[in-house]
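To start, the structure itself, in structure tokens.
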Amino acid sequence: MSGIAAPRRRGFSLKPYLFLLPMLVFAVGFVYYPFLKTCLQSVSTVNFRGEITGFAGLENFQYLFSRREFAVALENTVKLMVINVPVTVVITMSLAWLCGNPHPMHSVYETMFSLPMVVSMASISLIFKVLLNPSVGWLNYALGLNVGWYEDRHTAMSGILLLTVWMGVGFNFLLFLSAFRSLPPDMLGSAALDGAGKLRTLIQIQLPLISPTVLYVVCTNMIQAMMTNGPILILTQGGPSRSTTTLIYLMYTSGYASSNYSLAAAVSMAAFALTLLFSLLLFGMEKRKVHYQ
């Protein structure tokens, strides 16, 4: 025993914390501090300069929940999320599955399906504004329609959904494509030898193996759908008749257009609570539905 050297104790090293310092500075300055400030403003009275002038308790939330436009914004936000997330996941997963096995034209298809990722949101919004124009739009011409997509309260949200789904195709396609191509080829070969068809292999083998990627894509798309504001700000300004007003757009108009910063803070906290609730529900399904290799 005397010949065995005792393990050396490692002294305190400042080097790892120095590597973390830049990230912590940005996280505190752009995430934690604004979040805490918003929490404080949501229970305070705030003047037009953004200065806290008093304590309001839950009065801001009571006033917010009593407004008709909050109920409309909440309904539109949930509708946008409930439709956008499954449609985007199904489309991108299907495209990735079809491109999973490399073939002579796979690089062309992969480039085409990834293109939405490199186009800015503002550019996409303007492109869709032209594509869905009631008089010169290509979509109306191709389908023989005469629909003012962003001018009609019955179709404005459908136009926003088309845009947001198209925006989400590129990055999600790459994630699913990487997940499908990382599956063990021996397992897929064994399933083919056992007579399992492509659809059965997808449902019983491939989907359980890529379930962590599915969970990540669903969570990120849910958050992005809840935070949708840019296309609405550019295309519809919440109209017509508030048919595309979401919680984030309501927060924007309350804070920047009306200088009612306490109400805007209350809206943002309501949006945060709703997003957190859906995230917790998704993570609650992780233990039963997600399988890690």
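If you're wondering about the labels, chains in the structure tokens are A, B, ... by order shown, residues count from 1 in each chain, ligands from 1 in order shown.
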With segment 26-42 of chain A as the partner and 6 Å as the cut-off, tabulate the residues of segment 169-275 of chain A that qualify, each row holding the nearest pair of atoms and their distance in Å to one decimal, using only C-alpha atoms, sorted by chain and rising number, as a tab-separated table.
residue	atom	partner	partner_atom	distance
A:Ser262	CA	A:Ser42	CA	5.1
A:Ala265	CA	A:Ser42	CA	4.7
A:Ala266	CA	A:Ser42	CA	4.6
Tell me which protein, DNA and RNA residues are within 7 Å of Ser44 of chain A, counting only C-alpha atoms, leaving out same-chain ones fewer than 6 positions away, and put them as a VMD selection string. chain A and resid 52 54 to 57 262
Only N, CA and C atoms, please: the residues just picked out, written as an mmCIF file, in the first residue's frame.
data_model
loop_
_atom_site.group_PDB
_atom_site.id
_atom_site.type_symbol
_atom_site.label_atom_id
_atom_site.label_comp_id
_atom_site.auth_asym_id
_atom_site.auth_seq_id
_atom_site.Cartn_x
_atom_site.Cartn_y
_atom_site.Cartn_z
ATOM 1 N N ILE A 52 -40.451 53.061 -13.545
ATOM 2 C CA ILE A 52 -41.430 52.538 -12.592
ATOM 3 C C ILE A 52 -41.802 53.635 -11.599
ATOM 4 N N GLY A 54 -44.681 53.190 -9.346
ATOM 5 C CA GLY A 54 -45.441 52.678 -8.210
ATOM 6 C C GLY A 54 -45.704 51.189 -8.351
ATOM 7 N N PHE A 55 -46.279 50.633 -7.302
ATOM 8 C CA PHE A 55 -46.597 49.202 -7.279
ATOM 9 C C PHE A 55 -48.079 49.014 -7.593
ATOM 10 N N ALA A 56 -48.376 48.118 -8.558
ATOM 11 C CA ALA A 56 -49.761 47.903 -8.988
ATOM 12 C C ALA A 56 -50.294 46.537 -8.617
ATOM 13 N N GLY A 57 -49.434 45.643 -8.167
ATOM 14 C CA GLY A 57 -49.895 44.302 -7.822
ATOM 15 C C GLY A 57 -50.388 43.555 -9.059
ATOM 16 N N SER A 262 -46.418 48.891 -18.749
ATOM 17 C CA SER A 262 -46.864 47.938 -17.730
ATOM 18 C C SER A 262 -47.809 46.912 -18.338
#
For the strand (DSSP E) assignment from backbone DSSP, which residues of segment 26-57 of chain A qualify? Please present them as a compact mmCIF listing (two decimals) with N, CA and C atoms, in the first residue's frame.
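This is the output file result_22.txt:
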# COMPACT_ATOMS: atom_id res chain seq x y z
N SER A 44 -46.17 46.71 -11.76
CA SER A 44 -45.91 48.10 -11.37
C SER A 44 -46.63 49.03 -12.34
N THR A 45 -46.69 50.29 -11.96
CA THR A 45 -47.12 51.33 -12.88
C THR A 45 -45.88 51.95 -13.50
N VAL A 46 -45.92 52.15 -14.82
CA VAL A 46 -44.74 52.60 -15.55
C VAL A 46 -45.14 53.81 -16.39
N ILE A 52 -40.45 53.06 -13.54
CA ILE A 52 -41.43 52.54 -12.59
C ILE A 52 -41.80 53.64 -11.60
N THR A 53 -43.10 53.89 -11.47
CA THR A 53 -43.57 54.96 -10.60
C THR A 53 -44.35 54.47 -9.39
N GLY A 54 -44.68 53.19 -9.35
CA GLY A 54 -45.44 52.68 -8.21
C GLY A 54 -45.70 51.19 -8.35
N PHE A 55 -46.28 50.63 -7.30
CA PHE A 55 -46.60 49.20 -7.28
C PHE A 55 -48.08 49.01 -7.59
Separating atom CA of Val78 of chain A from atom CA of Ile124 of chain A, to the nearest tenth of an Å, is a gap of 22.8 Å
Counting only C-alpha atoms, which residues in segment 90-171 of chain A sit no more than 10 Å from segment 207-220 of chain A? For each one, give the nearest pair of atoms and the distance in Å, sorted by chain then residue number, as a Markdown table.
| residue | atom | partner | partner_atom | distance |
| --- | --- | --- | --- | --- |
| A:Met93 | CA | A:Val214 | CA | 8.8 |
| A:Gly168 | CA | A:Val217 | CA | 9.9 |
| A:Phe171 | CA | A:Val217 | CA | 9.5 |
Surrounding residues of Leu162 of chain A excluding itself and chain neighbours under 4 positions, 9 Å, only C-alpha atoms, as a compact mmCIF listing (two decimals) with C-alpha atoms, in the first residue's frame:
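See result36.txt below for the written result:
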# COMPACT_ATOMS: atom_id res chain seq x y z
CA ASN A 84 -48.10 25.30 -37.49
CA PHE A 128 -45.42 36.10 -49.92
CA MET A 157 -54.35 33.73 -40.72
CA SER A 158 -54.09 31.05 -43.43
CA TRP A 166 -42.39 27.63 -45.33
CA MET A 167 -39.95 29.50 -43.06
Across A:Val290, A:Met117, A:Leu20, A:Met226, the smallest distance to Val85 of chain A, with only C-alpha atoms counted, is shown by A:Met226
Please provide the set of residues having any atom within 9 Å of Leu174 of chain A, restricted to only C-alpha atoms, with same-chain residues fewer than 5 positions apart removed, written as an mmCIF file with C-alpha atoms, in the first residue's frame.
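Final output, out27.cif:
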data_model
loop_
_atom_site.group_PDB
_atom_site.id
_atom_site.type_symbol
_atom_site.label_atom_id
_atom_site.label_comp_id
_atom_site.auth_asym_id
_atom_site.auth_seq_id
_atom_site.Cartn_x
_atom_site.Cartn_y
_atom_site.Cartn_z
ATOM 1 C CA THR A 92 -40.125 18.284 -42.990
ATOM 2 C CA ALA A 96 -36.147 14.075 -44.875
ATOM 3 C CA GLU A 110 -31.388 18.881 -50.260
ATOM 4 C CA PHE A 113 -35.450 22.049 -49.282
ATOM 5 C CA SER A 114 -32.821 23.942 -47.259
ATOM 6 C CA VAL A 169 -38.897 23.902 -43.573
ATOM 7 C CA ALA A 179 -31.299 12.020 -37.724
#
- Message: Report as a list in words all protein, DNA and RNA residues lying within 10 Å of Tyr63 of chain A, evaluated on only C-alpha atoms, omitting residues in the same chain fewer than 4 positions from it.
- Response: Leu58, Glu59, Arg67, Phe70, Leu263 and Ala266 of chain A
So that I have them on file, write out the residues from the current selection with N, CA and C atoms, as a JSON list (two decimals), in the first residue's frame.
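So again.json came out as:
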[["chain", "number", "residue", "atom", "x", "y", "z"],
["A", 58, "LEU", "N", -51.56, 42.98, -8.96],
["A", 58, "LEU", "CA", -52.15, 42.22, -10.07],
["A", 58, "LEU", "C", -53.12, 43.04, -10.90],
["A", 59, "GLU", "N", -53.15, 44.35, -10.69],
["A", 59, "GLU", "CA", -54.10, 45.18, -11.43],
["A", 59, "GLU", "C", -53.84, 45.15, -12.94],
["A", 67, "ARG", "N", -59.85, 42.53, -21.12],
["A", 67, "ARG", "CA", -59.92, 43.13, -22.46],
["A", 67, "ARG", "C", -60.25, 42.07, -23.51],
["A", 70, "PHE", "N", -57.32, 40.76, -25.73],
["A", 70, "PHE", "CA", -56.43, 39.74, -25.18],
["A", 70, "PHE", "C", -56.96, 38.34, -25.49],
["A", 263, "LEU", "N", -48.69, 47.34, -19.25],
["A", 263, "LEU", "CA", -49.58, 46.40, -19.93],
["A", 263, "LEU", "C", -48.79, 45.49, -20.87],
["A", 266, "ALA", "N", -47.20, 42.84, -18.85],
["A", 266, "ALA", "CA", -48.16, 41.83, -18.44],
["A", 266, "ALA", "C", -48.47, 40.87, -19.58]]
TODO: From the DSSP assignment of the backbone, select every residue of segment 86-219 of chain A that is helix (DSSP H, G or I), and format the answer as a PyMOL selection string.
DONE: chain A and resi 86-98+106-118+121-131+138-143+156-181+185-193+198-209+211-219
Grab the atom CA of Asp194 of chain A to atom CA of Asn101 of chain A distance for me, in Å with one decimal place.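 For atom CA of Asp194 of chain A relative to atom CA of Asn101 of chain A, the distance reads 19.6 Å.
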query: What is the distance, in Å and to one decimal place, between atom CA of Ser190 of chain A and atom CA of Phe176 of chain A?
result: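 Pair atom CA of Ser190 of chain A / atom CA of Phe176 of chain A returns 22.1 Å.
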Using only C-alpha atoms, the residue out of A:Met187, A:Leu161, A:Leu202, A:Leu282 with shortest distance to Ile83 of chain A is A:Leu161
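In terms of minimum interatomic distance to Leu115 of chain A, A:Gly170 ranks closest within A:Gly170, A:Glu75, A:Ala225, A:Phe48, counting only C-alpha atoms.
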Handout entry: Nearest candidate to Val87 of chain A (options A:Ser107, A:Thr164, A:Ser259, A:Ser123; using only C-alpha atoms)
Key =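 Looking only at the distances to Val87 of chain A, the closest residue turns out to be A:Thr164.
Each of A:Thr246, A:Gln206, A:Ser13, A:Ser94 was compared to Leu74 of chain A using only C-alpha atoms, and A:Thr246 turns out to be the nearest.
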